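Undergrad: Pasting in a structure now, in structure tokens, and then I'll have a few things to ask.
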Amino acid sequence: MSDEKSGKKTPMCKVGKSGDLERIKRRVRDAKFVCTKCGRVARDRAYLCKPAEI
Ligand SMILES: [Zn+2]
């Protein structure tokens with residue numbers, strides 16, 4: 001039921017709150033997008049709530 005447990009794409013903002021640093025580190029590697037709302041970065045726009053290309 002939970003996206004986090006099933007391993008699906010949870011927005012970085014929510015992952016950050018859960019403190020899953022290893023998952024975050026994999027997602028920010030080779031980042032191509034930045035969240036204009038929170039300032040987080042990720043390689044897939046699906047991980048961000050307000051993605052914009054870097
Ligand atoms: Zn965000």
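By convention in this document, the chains of the structure tokens carry letters A, B, ... by their order, each chain's residues are numbered from 1, and ligands are numbered from 1 in the order they are shown.
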Within 6 Å of ligand 1, which residues show up when you count only C-alpha atoms and all ligand atoms? List them as number ranges by chain, please.
TA: A: 13, 35, 37-38, 48-50
Undergrad: Next, write the just-selected residues to a file, as a CSV table (one decimal), in the first residue's frame, keeping C-alpha atoms as the atom set.
TA:
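Generated file (again-v8.csv):
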chain,number,residue,atom,x,y,z
A,13,CYS,CA,10.7,15.6,-0.2
A,35,CYS,CA,12.9,21.0,-7.2
A,37,LYS,CA,9.9,24.3,-4.2
A,38,CYS,CA,12.4,22.6,-1.8
A,48,LEU,CA,10.5,15.9,-7.1
A,49,CYS,CA,7.3,17.8,-6.4
A,50,LYS,CA,8.2,20.8,-8.5
Undergrad: Report as an MDAnalysis selection string all protein, DNA and RNA residues lying within 7 Å of A:Asp30, evaluated on only C-alpha atoms, omitting residues in the same chain fewer than 2 positions from it.
TA: chainID A and resid 28 32 43
Undergrad: May I have the residues within 8 Å of A:Ala31 as a list in words, using only C-alpha atoms and disregarding those fewer than 3 positions away in the same chain?
TA: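 Contacts, with the query itself left out: Arg27, Val28, Val34, Val41, Ala42, Arg43 and Asp44 of chain A.
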Undergrad: Selection from above, N, CA and C atoms, as a PDB file, in the first residue's frame, can you write it?
TA:
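File written: selection_2.pdb
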ATOM      1  N   ARG A  27      19.664   8.609  -5.675  1.00  0.00           N
ATOM      2  CA  ARG A  27      18.816   9.421  -6.541  1.00  0.00           C
ATOM      3  C   ARG A  27      19.442  10.748  -6.935  1.00  0.00           C
ATOM      4  N   VAL A  28      20.310  11.291  -6.111  1.00  0.00           N
ATOM      5  CA  VAL A  28      20.898  12.587  -6.435  1.00  0.00           C
ATOM      6  C   VAL A  28      22.127  12.453  -7.324  1.00  0.00           C
ATOM      7  N   VAL A  34      16.036  19.785 -10.540  1.00  0.00           N
ATOM      8  CA  VAL A  34      16.034  20.411  -9.232  1.00  0.00           C
ATOM      9  C   VAL A  34      14.597  20.758  -8.875  1.00  0.00           C
ATOM     10  N   VAL A  41      17.595  17.895  -5.390  1.00  0.00           N
ATOM     11  CA  VAL A  41      17.937  17.497  -6.748  1.00  0.00           C
ATOM     12  C   VAL A  41      17.769  15.985  -6.902  1.00  0.00           C
ATOM     13  N   ALA A  42      17.518  15.547  -8.160  1.00  0.00           N
ATOM     14  CA  ALA A  42      17.368  14.126  -8.446  1.00  0.00           C
ATOM     15  C   ALA A  42      17.607  13.891  -9.926  1.00  0.00           C
ATOM     16  N   ARG A  43      17.880  12.631 -10.275  1.00  0.00           N
ATOM     17  CA  ARG A  43      18.117  12.336 -11.688  1.00  0.00           C
ATOM     18  C   ARG A  43      16.809  12.058 -12.423  1.00  0.00           C
ATOM     19  N   ASP A  44      15.724  11.909 -11.707  1.00  0.00           N
ATOM     20  CA  ASP A  44      14.418  11.662 -12.333  1.00  0.00           C
ATOM     21  C   ASP A  44      13.411  12.662 -11.795  1.00  0.00           C
TER      22      ASP A  44
END
